[in-house]
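Engineer: Enclosed is the structure file structure.cif (mmCIF, N, CA and C atoms).
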data_data
#
loop_
_atom_site.label_atom_id
_atom_site.label_comp_id
_atom_site.auth_asym_id
_atom_site.auth_seq_id
_atom_site.Cartn_x
_atom_site.Cartn_y
_atom_site.Cartn_z
N MET A 1 -21.61 2.44 6.23
CA MET A 1 -21.17 3.18 5.07
C MET A 1 -22.05 2.75 3.89
N ASP A 2 -22.60 3.74 3.22
CA ASP A 2 -23.46 3.42 2.08
C ASP A 2 -22.72 3.70 0.76
N LYS A 3 -23.43 3.52 -0.35
CA LYS A 3 -22.84 3.70 -1.69
C LYS A 3 -22.37 5.14 -1.90
N THR A 4 -23.10 6.09 -1.36
CA THR A 4 -22.70 7.50 -1.50
C THR A 4 -21.38 7.75 -0.78
N ASP A 5 -21.22 7.20 0.42
CA ASP A 5 -19.94 7.33 1.13
C ASP A 5 -18.82 6.68 0.33
N GLU A 6 -19.08 5.52 -0.24
CA GLU A 6 -18.06 4.82 -1.04
C GLU A 6 -17.67 5.65 -2.25
N ARG A 7 -18.66 6.29 -2.91
CA ARG A 7 -18.35 7.14 -4.06
C ARG A 7 -17.55 8.37 -3.62
N LEU A 8 -17.89 8.91 -2.46
CA LEU A 8 -17.18 10.06 -1.92
C LEU A 8 -15.72 9.68 -1.61
N LEU A 9 -15.53 8.55 -0.98
CA LEU A 9 -14.16 8.10 -0.67
C LEU A 9 -13.36 7.85 -1.94
N ALA A 10 -13.99 7.27 -2.96
CA ALA A 10 -13.30 7.05 -4.23
C ALA A 10 -12.87 8.37 -4.85
N ALA A 11 -13.74 9.37 -4.78
CA ALA A 11 -13.39 10.69 -5.32
C ALA A 11 -12.24 11.31 -4.52
N LEU A 12 -12.26 11.17 -3.21
CA LEU A 12 -11.18 11.70 -2.38
C LEU A 12 -9.86 10.96 -2.61
N ARG A 13 -9.94 9.66 -2.85
CA ARG A 13 -8.72 8.91 -3.16
C ARG A 13 -8.11 9.41 -4.47
N HIS A 14 -8.96 9.75 -5.41
CA HIS A 14 -8.48 10.25 -6.69
C HIS A 14 -7.83 11.63 -6.53
N ASP A 15 -8.48 12.50 -5.75
CA ASP A 15 -7.95 13.85 -5.52
C ASP A 15 -8.48 14.37 -4.19
N ALA A 16 -7.69 14.17 -3.14
CA ALA A 16 -8.12 14.59 -1.80
C ALA A 16 -8.16 16.11 -1.65
N ARG A 17 -7.62 16.82 -2.63
CA ARG A 17 -7.63 18.29 -2.57
C ARG A 17 -8.83 18.89 -3.28
N SER A 18 -9.71 18.05 -3.80
CA SER A 18 -10.91 18.57 -4.46
C SER A 18 -11.70 19.42 -3.48
N SER A 19 -12.23 20.53 -3.98
CA SER A 19 -13.05 21.39 -3.12
C SER A 19 -14.39 20.71 -2.85
N LEU A 20 -15.05 21.15 -1.79
CA LEU A 20 -16.37 20.61 -1.48
C LEU A 20 -17.32 20.84 -2.65
N SER A 21 -17.21 22.00 -3.28
CA SER A 21 -18.07 22.32 -4.42
C SER A 21 -17.81 21.36 -5.58
N ASP A 22 -16.53 21.08 -5.87
CA ASP A 22 -16.21 20.15 -6.95
C ASP A 22 -16.71 18.74 -6.65
N LEU A 23 -16.54 18.32 -5.40
CA LEU A 23 -17.02 16.99 -5.00
C LEU A 23 -18.54 16.91 -5.11
N ALA A 24 -19.21 17.96 -4.67
CA ALA A 24 -20.67 17.99 -4.73
C ALA A 24 -21.14 17.88 -6.18
N LEU A 25 -20.52 18.62 -7.07
CA LEU A 25 -20.88 18.58 -8.49
C LEU A 25 -20.62 17.20 -9.08
N GLN A 26 -19.47 16.67 -8.77
CA GLN A 26 -19.08 15.35 -9.29
C GLN A 26 -20.02 14.25 -8.81
N LEU A 27 -20.47 14.33 -7.55
CA LEU A 27 -21.29 13.27 -6.96
C LEU A 27 -22.79 13.58 -7.02
N ASN A 28 -23.12 14.75 -7.59
CA ASN A 28 -24.52 15.17 -7.68
C ASN A 28 -25.16 15.27 -6.29
N LEU A 29 -24.43 15.91 -5.38
CA LEU A 29 -24.89 16.14 -4.01
C LEU A 29 -24.76 17.62 -3.69
N SER A 30 -25.36 18.03 -2.60
CA SER A 30 -25.16 19.42 -2.17
C SER A 30 -23.81 19.54 -1.46
N ARG A 31 -23.29 20.75 -1.45
CA ARG A 31 -22.02 21.02 -0.77
C ARG A 31 -22.13 20.69 0.71
N THR A 32 -23.25 21.02 1.33
CA THR A 32 -23.49 20.74 2.74
C THR A 32 -23.49 19.24 3.01
N THR A 33 -24.08 18.47 2.13
CA THR A 33 -24.11 17.01 2.29
C THR A 33 -22.69 16.44 2.22
N VAL A 34 -21.91 16.91 1.26
CA VAL A 34 -20.53 16.43 1.14
C VAL A 34 -19.75 16.75 2.41
N ARG A 35 -19.85 17.99 2.88
CA ARG A 35 -19.13 18.38 4.11
C ARG A 35 -19.55 17.53 5.30
N SER A 36 -20.85 17.34 5.49
CA SER A 36 -21.32 16.58 6.65
C SER A 36 -20.91 15.11 6.55
N ARG A 37 -20.91 14.57 5.34
CA ARG A 37 -20.49 13.16 5.19
C ARG A 37 -18.99 13.01 5.48
N ILE A 38 -18.18 13.94 5.01
CA ILE A 38 -16.74 13.89 5.31
C ILE A 38 -16.52 14.01 6.81
N GLU A 39 -17.20 14.95 7.45
CA GLU A 39 -17.06 15.12 8.90
C GLU A 39 -17.49 13.86 9.65
N ARG A 40 -18.59 13.23 9.21
CA ARG A 40 -19.07 12.00 9.85
C ARG A 40 -18.05 10.86 9.65
N LEU A 41 -17.51 10.74 8.44
CA LEU A 41 -16.52 9.69 8.18
C LEU A 41 -15.26 9.90 9.02
N GLN A 42 -14.88 11.15 9.23
CA GLN A 42 -13.73 11.44 10.10
C GLN A 42 -14.06 11.12 11.55
N ALA A 43 -15.23 11.51 12.01
CA ALA A 43 -15.62 11.27 13.41
C ALA A 43 -15.70 9.79 13.72
N ARG A 44 -16.16 8.99 12.76
CA ARG A 44 -16.26 7.54 12.96
C ARG A 44 -14.91 6.83 12.82
N GLY A 45 -13.93 7.54 12.31
CA GLY A 45 -12.62 6.93 12.12
C GLY A 45 -12.44 6.25 10.78
N ASP A 46 -13.41 6.39 9.88
CA ASP A 46 -13.25 5.81 8.54
C ASP A 46 -12.20 6.57 7.75
N ILE A 47 -12.17 7.89 7.91
CA ILE A 47 -11.11 8.72 7.34
C ILE A 47 -10.23 9.13 8.52
N ILE A 48 -8.97 8.73 8.48
CA ILE A 48 -8.10 9.06 9.61
C ILE A 48 -7.11 10.17 9.25
N GLY A 49 -7.13 10.61 8.01
CA GLY A 49 -6.26 11.71 7.64
C GLY A 49 -6.17 11.86 6.14
N PHE A 50 -5.52 12.92 5.74
CA PHE A 50 -5.27 13.21 4.34
C PHE A 50 -3.77 13.32 4.18
N THR A 51 -3.28 12.95 3.03
CA THR A 51 -1.84 12.93 2.83
C THR A 51 -1.47 13.50 1.48
N VAL A 52 -0.20 13.78 1.34
CA VAL A 52 0.34 14.25 0.07
C VAL A 52 1.31 13.19 -0.42
N VAL A 53 1.18 12.82 -1.68
CA VAL A 53 2.13 11.90 -2.30
C VAL A 53 2.94 12.71 -3.29
N LEU A 54 4.24 12.77 -3.06
CA LEU A 54 5.11 13.55 -3.91
C LEU A 54 5.58 12.72 -5.10
N LYS A 55 5.87 13.39 -6.18
CA LYS A 55 6.35 12.72 -7.39
C LYS A 55 7.59 11.89 -7.06
N GLU A 56 8.47 12.45 -6.26
CA GLU A 56 9.70 11.73 -5.92
C GLU A 56 9.44 10.46 -5.10
N ASP A 57 8.32 10.44 -4.34
CA ASP A 57 7.96 9.23 -3.61
C ASP A 57 7.66 8.09 -4.57
N VAL A 58 6.97 8.41 -5.64
CA VAL A 58 6.59 7.39 -6.62
C VAL A 58 7.81 6.99 -7.45
N LEU A 59 8.65 7.96 -7.77
CA LEU A 59 9.81 7.69 -8.61
C LEU A 59 10.96 7.06 -7.83
N ARG A 60 10.88 7.07 -6.52
CA ARG A 60 11.96 6.59 -5.68
C ARG A 60 12.30 5.13 -5.96
N ASP A 61 11.32 4.34 -6.27
CA ASP A 61 11.52 2.91 -6.48
C ASP A 61 11.12 2.52 -7.90
N PRO A 62 12.00 2.75 -8.86
CA PRO A 62 11.63 2.36 -10.23
C PRO A 62 11.44 0.85 -10.39
N VAL A 63 12.09 0.06 -9.54
CA VAL A 63 11.93 -1.40 -9.58
C VAL A 63 11.21 -1.81 -8.30
N ARG A 64 10.03 -2.40 -8.48
CA ARG A 64 9.23 -2.81 -7.33
C ARG A 64 8.79 -4.26 -7.51
N GLY A 65 8.65 -4.95 -6.40
CA GLY A 65 8.22 -6.34 -6.48
C GLY A 65 7.55 -6.80 -5.20
N LEU A 66 6.85 -7.90 -5.34
CA LEU A 66 6.23 -8.57 -4.21
C LEU A 66 6.90 -9.93 -4.04
N MET A 67 7.37 -10.21 -2.86
CA MET A 67 8.00 -11.49 -2.57
C MET A 67 7.13 -12.24 -1.58
N MET A 68 6.65 -13.41 -2.01
CA MET A 68 5.89 -14.27 -1.13
C MET A 68 6.87 -15.24 -0.49
N ILE A 69 6.75 -15.41 0.83
CA ILE A 69 7.73 -16.21 1.57
C ILE A 69 7.03 -17.30 2.37
N GLY A 70 7.56 -18.52 2.24
CA GLY A 70 7.14 -19.63 3.08
C GLY A 70 8.18 -19.84 4.17
N ILE A 71 7.70 -20.00 5.41
CA ILE A 71 8.61 -20.08 6.56
C ILE A 71 8.41 -21.41 7.28
N GLU A 72 9.53 -22.00 7.66
CA GLU A 72 9.52 -23.26 8.37
C GLU A 72 9.28 -23.01 9.86
N GLY A 73 8.39 -23.78 10.43
CA GLY A 73 8.16 -23.74 11.88
C GLY A 73 7.64 -22.40 12.36
N ARG A 74 8.21 -21.97 13.48
CA ARG A 74 7.72 -20.75 14.15
C ARG A 74 8.67 -19.57 13.99
N GLY A 75 9.29 -19.47 12.84
CA GLY A 75 10.29 -18.42 12.64
C GLY A 75 9.76 -17.11 12.11
N THR A 76 8.45 -16.96 12.00
CA THR A 76 7.89 -15.76 11.38
C THR A 76 8.29 -14.48 12.10
N THR A 77 8.24 -14.46 13.42
CA THR A 77 8.58 -13.25 14.17
C THR A 77 10.04 -12.86 13.94
N ARG A 78 10.93 -13.84 14.00
CA ARG A 78 12.36 -13.56 13.79
C ARG A 78 12.62 -13.06 12.38
N ILE A 79 12.03 -13.71 11.40
CA ILE A 79 12.24 -13.31 10.01
C ILE A 79 11.64 -11.93 9.75
N THR A 80 10.50 -11.64 10.34
CA THR A 80 9.89 -10.32 10.20
C THR A 80 10.83 -9.25 10.74
N ARG A 81 11.47 -9.51 11.89
CA ARG A 81 12.43 -8.56 12.46
C ARG A 81 13.60 -8.35 11.50
N GLN A 82 14.09 -9.43 10.90
CA GLN A 82 15.21 -9.32 9.96
C GLN A 82 14.80 -8.50 8.74
N LEU A 83 13.60 -8.73 8.25
CA LEU A 83 13.11 -8.00 7.08
C LEU A 83 12.99 -6.51 7.37
N GLN A 84 12.56 -6.17 8.59
CA GLN A 84 12.39 -4.77 8.97
C GLN A 84 13.72 -4.02 8.91
N GLY A 85 14.82 -4.73 9.02
CA GLY A 85 16.13 -4.09 8.98
C GLY A 85 16.68 -3.87 7.58
N LEU A 86 15.99 -4.36 6.55
CA LEU A 86 16.48 -4.19 5.19
C LEU A 86 15.94 -2.91 4.56
N PRO A 87 16.81 -2.07 4.00
CA PRO A 87 16.34 -0.80 3.43
C PRO A 87 15.45 -0.98 2.20
N GLU A 88 15.52 -2.11 1.53
CA GLU A 88 14.72 -2.36 0.33
C GLU A 88 13.27 -2.73 0.65
N VAL A 89 13.01 -3.10 1.89
CA VAL A 89 11.67 -3.55 2.28
C VAL A 89 10.79 -2.34 2.55
N ARG A 90 9.67 -2.27 1.82
CA ARG A 90 8.73 -1.17 1.97
C ARG A 90 7.57 -1.53 2.89
N ALA A 91 7.14 -2.80 2.87
CA ALA A 91 6.04 -3.25 3.73
C ALA A 91 6.13 -4.76 3.89
N ILE A 92 5.63 -5.24 5.04
CA ILE A 92 5.59 -6.67 5.34
C ILE A 92 4.16 -7.00 5.73
N HIS A 93 3.58 -7.99 5.06
CA HIS A 93 2.20 -8.39 5.33
C HIS A 93 2.15 -9.85 5.74
N THR A 94 1.43 -10.16 6.81
CA THR A 94 1.13 -11.55 7.10
C THR A 94 -0.08 -11.92 6.27
N THR A 95 -0.21 -13.20 5.98
CA THR A 95 -1.30 -13.63 5.11
C THR A 95 -1.70 -15.06 5.45
N ASN A 96 -2.74 -15.51 4.81
CA ASN A 96 -3.13 -16.91 4.98
C ASN A 96 -2.87 -17.63 3.66
N GLY A 97 -3.10 -18.92 3.63
CA GLY A 97 -2.89 -19.66 2.39
C GLY A 97 -1.48 -20.21 2.30
N ARG A 98 -0.99 -20.32 1.09
CA ARG A 98 0.29 -20.98 0.83
C ARG A 98 1.48 -20.23 1.44
N TRP A 99 1.43 -18.91 1.45
CA TRP A 99 2.57 -18.11 1.90
C TRP A 99 2.33 -17.58 3.31
N ASP A 100 3.43 -17.42 4.04
CA ASP A 100 3.35 -16.89 5.40
C ASP A 100 3.46 -15.36 5.42
N LEU A 101 4.29 -14.82 4.54
CA LEU A 101 4.49 -13.37 4.47
C LEU A 101 4.49 -12.92 3.00
N ILE A 102 4.02 -11.71 2.78
CA ILE A 102 4.19 -11.06 1.49
C ILE A 102 4.94 -9.76 1.77
N VAL A 103 6.06 -9.59 1.08
CA VAL A 103 6.94 -8.46 1.33
C VAL A 103 6.96 -7.57 0.09
N GLU A 104 6.71 -6.28 0.30
CA GLU A 104 6.83 -5.31 -0.79
C GLU A 104 8.25 -4.78 -0.78
N LEU A 105 8.89 -4.83 -1.94
CA LEU A 105 10.27 -4.38 -2.07
C LEU A 105 10.36 -3.25 -3.10
N GLY A 106 11.29 -2.35 -2.89
CA GLY A 106 11.52 -1.27 -3.84
C GLY A 106 13.01 -0.96 -3.92
N THR A 107 13.51 -0.88 -5.16
CA THR A 107 14.93 -0.60 -5.36
C THR A 107 15.12 0.29 -6.58
N GLU A 108 16.34 0.75 -6.75
CA GLU A 108 16.69 1.58 -7.90
C GLU A 108 16.93 0.73 -9.15
N THR A 109 17.47 -0.49 -8.98
CA THR A 109 17.83 -1.32 -10.14
C THR A 109 17.40 -2.76 -9.92
N LEU A 110 17.35 -3.50 -11.02
CA LEU A 110 17.06 -4.94 -10.94
C LEU A 110 18.16 -5.67 -10.18
N GLU A 111 19.39 -5.23 -10.35
CA GLU A 111 20.51 -5.87 -9.65
C GLU A 111 20.37 -5.73 -8.14
N THR A 112 19.96 -4.54 -7.69
CA THR A 112 19.77 -4.32 -6.26
C THR A 112 18.62 -5.16 -5.73
N LEU A 113 17.56 -5.27 -6.51
CA LEU A 113 16.44 -6.13 -6.12
C LEU A 113 16.90 -7.58 -6.02
N ASP A 114 17.67 -8.03 -6.99
CA ASP A 114 18.18 -9.40 -6.99
C ASP A 114 19.03 -9.67 -5.75
N GLU A 115 19.84 -8.71 -5.37
CA GLU A 115 20.67 -8.86 -4.17
C GLU A 115 19.80 -8.96 -2.91
N ALA A 116 18.77 -8.14 -2.83
CA ALA A 116 17.87 -8.18 -1.67
C ALA A 116 17.14 -9.53 -1.61
N LEU A 117 16.68 -10.03 -2.76
CA LEU A 117 16.00 -11.32 -2.80
C LEU A 117 16.93 -12.44 -2.33
N ALA A 118 18.17 -12.40 -2.81
CA ALA A 118 19.15 -13.42 -2.41
C ALA A 118 19.40 -13.38 -0.91
N LYS A 119 19.51 -12.18 -0.35
CA LYS A 119 19.75 -12.02 1.08
C LYS A 119 18.58 -12.61 1.88
N ILE A 120 17.36 -12.31 1.45
CA ILE A 120 16.17 -12.80 2.16
C ILE A 120 16.09 -14.32 2.07
N ARG A 121 16.39 -14.88 0.91
CA ARG A 121 16.33 -16.35 0.75
C ARG A 121 17.33 -17.06 1.65
N MET A 122 18.36 -16.35 2.08
CA MET A 122 19.38 -16.95 2.95
C MET A 122 18.99 -16.92 4.43
N PHE A 123 17.93 -16.19 4.78
CA PHE A 123 17.50 -16.14 6.17
C PHE A 123 17.16 -17.55 6.63
N GLU A 124 17.66 -17.91 7.80
CA GLU A 124 17.35 -19.23 8.36
C GLU A 124 15.84 -19.34 8.60
N GLY A 125 15.24 -20.39 8.06
CA GLY A 125 13.82 -20.61 8.23
C GLY A 125 13.00 -20.31 6.98
N VAL A 126 13.58 -19.58 6.03
CA VAL A 126 12.89 -19.33 4.76
C VAL A 126 13.05 -20.60 3.92
N VAL A 127 11.93 -21.26 3.65
CA VAL A 127 11.98 -22.53 2.91
C VAL A 127 11.53 -22.40 1.47
N SER A 128 10.77 -21.37 1.16
CA SER A 128 10.35 -21.17 -0.23
C SER A 128 9.99 -19.72 -0.44
N SER A 129 10.07 -19.30 -1.69
CA SER A 129 9.68 -17.93 -2.02
C SER A 129 9.30 -17.86 -3.49
N GLU A 130 8.55 -16.83 -3.79
CA GLU A 130 8.18 -16.53 -5.16
C GLU A 130 8.11 -15.02 -5.26
N THR A 131 8.64 -14.47 -6.34
CA THR A 131 8.67 -13.03 -6.48
C THR A 131 8.01 -12.62 -7.79
N ASN A 132 7.22 -11.57 -7.73
CA ASN A 132 6.60 -10.98 -8.91
C ASN A 132 7.03 -9.52 -9.01
N LEU A 133 7.49 -9.11 -10.18
CA LEU A 133 7.80 -7.71 -10.41
C LEU A 133 6.51 -6.96 -10.69
N LEU A 134 6.43 -5.75 -10.18
CA LEU A 134 5.30 -4.89 -10.47
C LEU A 134 5.68 -4.06 -11.70
N LEU A 135 4.96 -4.26 -12.80
CA LEU A 135 5.32 -3.62 -14.06
C LEU A 135 4.71 -2.23 -14.21
N ALA A 136 3.42 -2.10 -13.95
CA ALA A 136 2.75 -0.80 -14.09
C ALA A 136 1.66 -0.71 -13.03
N THR A 137 1.41 0.49 -12.55
CA THR A 137 0.36 0.70 -11.56
C THR A 137 -0.80 1.39 -12.26
N LYS A 138 -1.93 0.73 -12.29
CA LYS A 138 -3.13 1.27 -12.93
C LYS A 138 -3.96 2.11 -11.98
N LYS A 139 -3.87 1.79 -10.67
CA LYS A 139 -4.55 2.58 -9.66
C LYS A 139 -3.75 2.49 -8.38
N ASP A 140 -3.56 3.63 -7.75
CA ASP A 140 -2.85 3.68 -6.48
C ASP A 140 -3.64 4.59 -5.57
N SER A 141 -4.12 4.05 -4.46
CA SER A 141 -4.95 4.83 -3.55
C SER A 141 -4.16 5.95 -2.88
N ARG A 142 -2.83 5.91 -2.96
CA ARG A 142 -2.01 6.97 -2.38
C ARG A 142 -1.97 8.20 -3.28
N VAL A 143 -2.36 8.06 -4.53
CA VAL A 143 -2.25 9.17 -5.47
C VAL A 143 -3.60 9.79 -5.70
#
Mind turning the file's structure into structure tokens?
Structural biologist:
Amino acid sequence: MDKTDERLLAALRHDARSSLSDLALQLNLSRTTVRSRIERLQARGDIIGFTVVLKEDVLRDPVRGLMMIGIEGRGTTRITRQLQGLPEVRAIHTTNGRWDLIVELGTETLETLDEALAKIRMFEGVVSSETNLLLATKKDSRV
């Protein structure tokens, strides 16, 4: 993938519905070049699909946070299963460094988020956690 592909992907992340002509103009390329690059990126598996993000998807979770979790021993698989059962959990990431898991949470209110955090902290094997609220999103690749 070269710089032109990266610029093309950035433009598609901004507006995946842009016409080939608009993309070509924006990137100072020919329409044919834009089409062939998109087709090549799809064929290689770099682009696996296009999606629609609805306003209600973004508004669904007015309160969002990231919870970093430290786990004692070998309980990561069990705790991950427990987290998957919570409706407030949007994503679970394994990581390296100080924390074992980073969990994305989304709720309607701060009180609901607080309840979810308390529930997670009570899971057997969770030895430490730290939570950061997400205040504003400056860039979202889904939009």
Engineer: Name every residue that the PyMOL selection byres (((chain A and resi 21-35 and name CA) around 10) and name CA) selects in this structure, writing the answer as a VMD selection string with chains first and numbers rising.
Structural biologist: chain A and resid 4 to 5 7 to 8 11 to 12 15 to 20 36 to 41
Engineer: Figure out the distance between atom N of Leu135 (chain A) and atom N of Leu83 (chain A), please, to one decimal in Å.
Structural biologist: 23.2 Å
Engineer: When distances are computed from only N, CA and C atoms, which of A:Thr95, A:Thr109, A:Gln84, A:Ser129 shows the smallest separation from Val63 (chain A)?
Structural biologist: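 Under the stated criterion, the closest residue is A:Thr109.
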Engineer: How would you write, as an NGL selection string, the set of residues in chain A that DSSP gives as helix (DSSP H, G or I)?
Structural biologist: :A and (3-14 or 20-27 or 31-44 or 55-59 or 76-84 or 110-121)
Engineer: If you measure from CA of Ile79 (chain A) to CA of Ser128 (chain A), what distance in Å do you get, rounded to one decimal?
Structural biologist: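 So the answer is 13.0 Å.
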Engineer: Edge lengths and centre in Å to one decimal, as lines of an AutoDock Vina configuration file, of the axis-aligned box that encloses all listed atoms of region 102-109 of chain A with 6 Å added on every side?
Structural biologist:
center_x = 10.9
center_y = -5.1
center_z = -3.7
size_x = 25.8
size_y = 25.3
size_z = 24.9
Engineer: What is the atom N of Ile92 (chain A) to atom N of Met1 (chain A) distance in Å?
Structural biologist: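 These two atoms are separated by 28.3 Å.
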Engineer: Here's the selection I'm unsure about, the PyMOL selection byres (((chain A and resi 107 and name CA) around 6) and name CA); applied to the file above, which residues does it give, as a list in words?
Structural biologist: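 Output of the PyMOL selection byres (((chain A and resi 107 and name CA) around 6) and name CA): Asp61, Val63, Glu88, Gly106, Glu108, Thr109 and Leu113 of chain A.
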Engineer: Find the residue from A:Ala91, A:Leu133, A:Ile120, A:Ala10 that sits nearest to Glu104 (chain A); use only N, CA and C atoms when measuring.
Structural biologist: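 Closest to Glu104 (chain A) of all the choices is A:Ala91.
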Engineer: Hey, what's within 8 Å of Leu110 (chain A) if we count all atoms listed in the file and toss same-chain stuff fewer than 5 positions away? As a ChimeraX atom specification, please?
Structural biologist: /A:62-64,115-116
Engineer: Where does the PyMOL selection byres ((chain A and resi 101) around 6) land in this file, that is, which residues does it pick, as a list in words?
Structural biologist: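 The output of the PyMOL selection byres ((chain A and resi 101) around 6) on this file is Met67, Met68, Ile69, Gly70, His93, Thr94, Thr95, Trp99, Asp100, Ile102 and Val103 of chain A.
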Engineer: Leaving out Gly75 (chain A) and any residue of its chain fewer than 2 positions from it, which residues lie within 10 Å of it when counting only C-alpha atoms, given as a tab-separated table (two decimals) with N, CA and C atoms, in the frame of the given file?
Structural biologist:
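Resulting contents of out-v2.tsv:
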chain	number	residue	atom	x	y	z
A	71	ILE	N	7.70	-20.00	5.41
A	71	ILE	CA	8.61	-20.08	6.56
A	71	ILE	C	8.41	-21.41	7.28
A	72	GLU	N	9.53	-22.00	7.66
A	72	GLU	CA	9.52	-23.26	8.37
A	72	GLU	C	9.28	-23.01	9.86
A	73	GLY	N	8.39	-23.78	10.43
A	73	GLY	CA	8.16	-23.74	11.88
A	73	GLY	C	7.64	-22.40	12.36
A	77	THR	N	8.24	-14.46	13.42
A	77	THR	CA	8.58	-13.25	14.17
A	77	THR	C	10.04	-12.86	13.94
A	78	ARG	N	10.93	-13.84	14.00
A	78	ARG	CA	12.36	-13.56	13.79
A	78	ARG	C	12.62	-13.06	12.38
A	79	ILE	N	12.03	-13.71	11.40
A	79	ILE	CA	12.24	-13.31	10.01
A	79	ILE	C	11.64	-11.93	9.75
A	80	THR	N	10.50	-11.64	10.34
A	80	THR	CA	9.89	-10.32	10.20
A	80	THR	C	10.83	-9.25	10.74
A	123	PHE	N	17.93	-16.19	4.78
A	123	PHE	CA	17.50	-16.14	6.17
A	123	PHE	C	17.16	-17.55	6.63
A	124	GLU	N	17.66	-17.91	7.80
A	124	GLU	CA	17.35	-19.23	8.36
A	124	GLU	C	15.84	-19.34	8.60
A	125	GLY	N	15.24	-20.39	8.06
A	125	GLY	CA	13.82	-20.61	8.23
A	125	GLY	C	13.00	-20.31	6.98
A	126	VAL	N	13.58	-19.58	6.03
A	126	VAL	CA	12.89	-19.33	4.76
A	126	VAL	C	13.05	-20.60	3.92
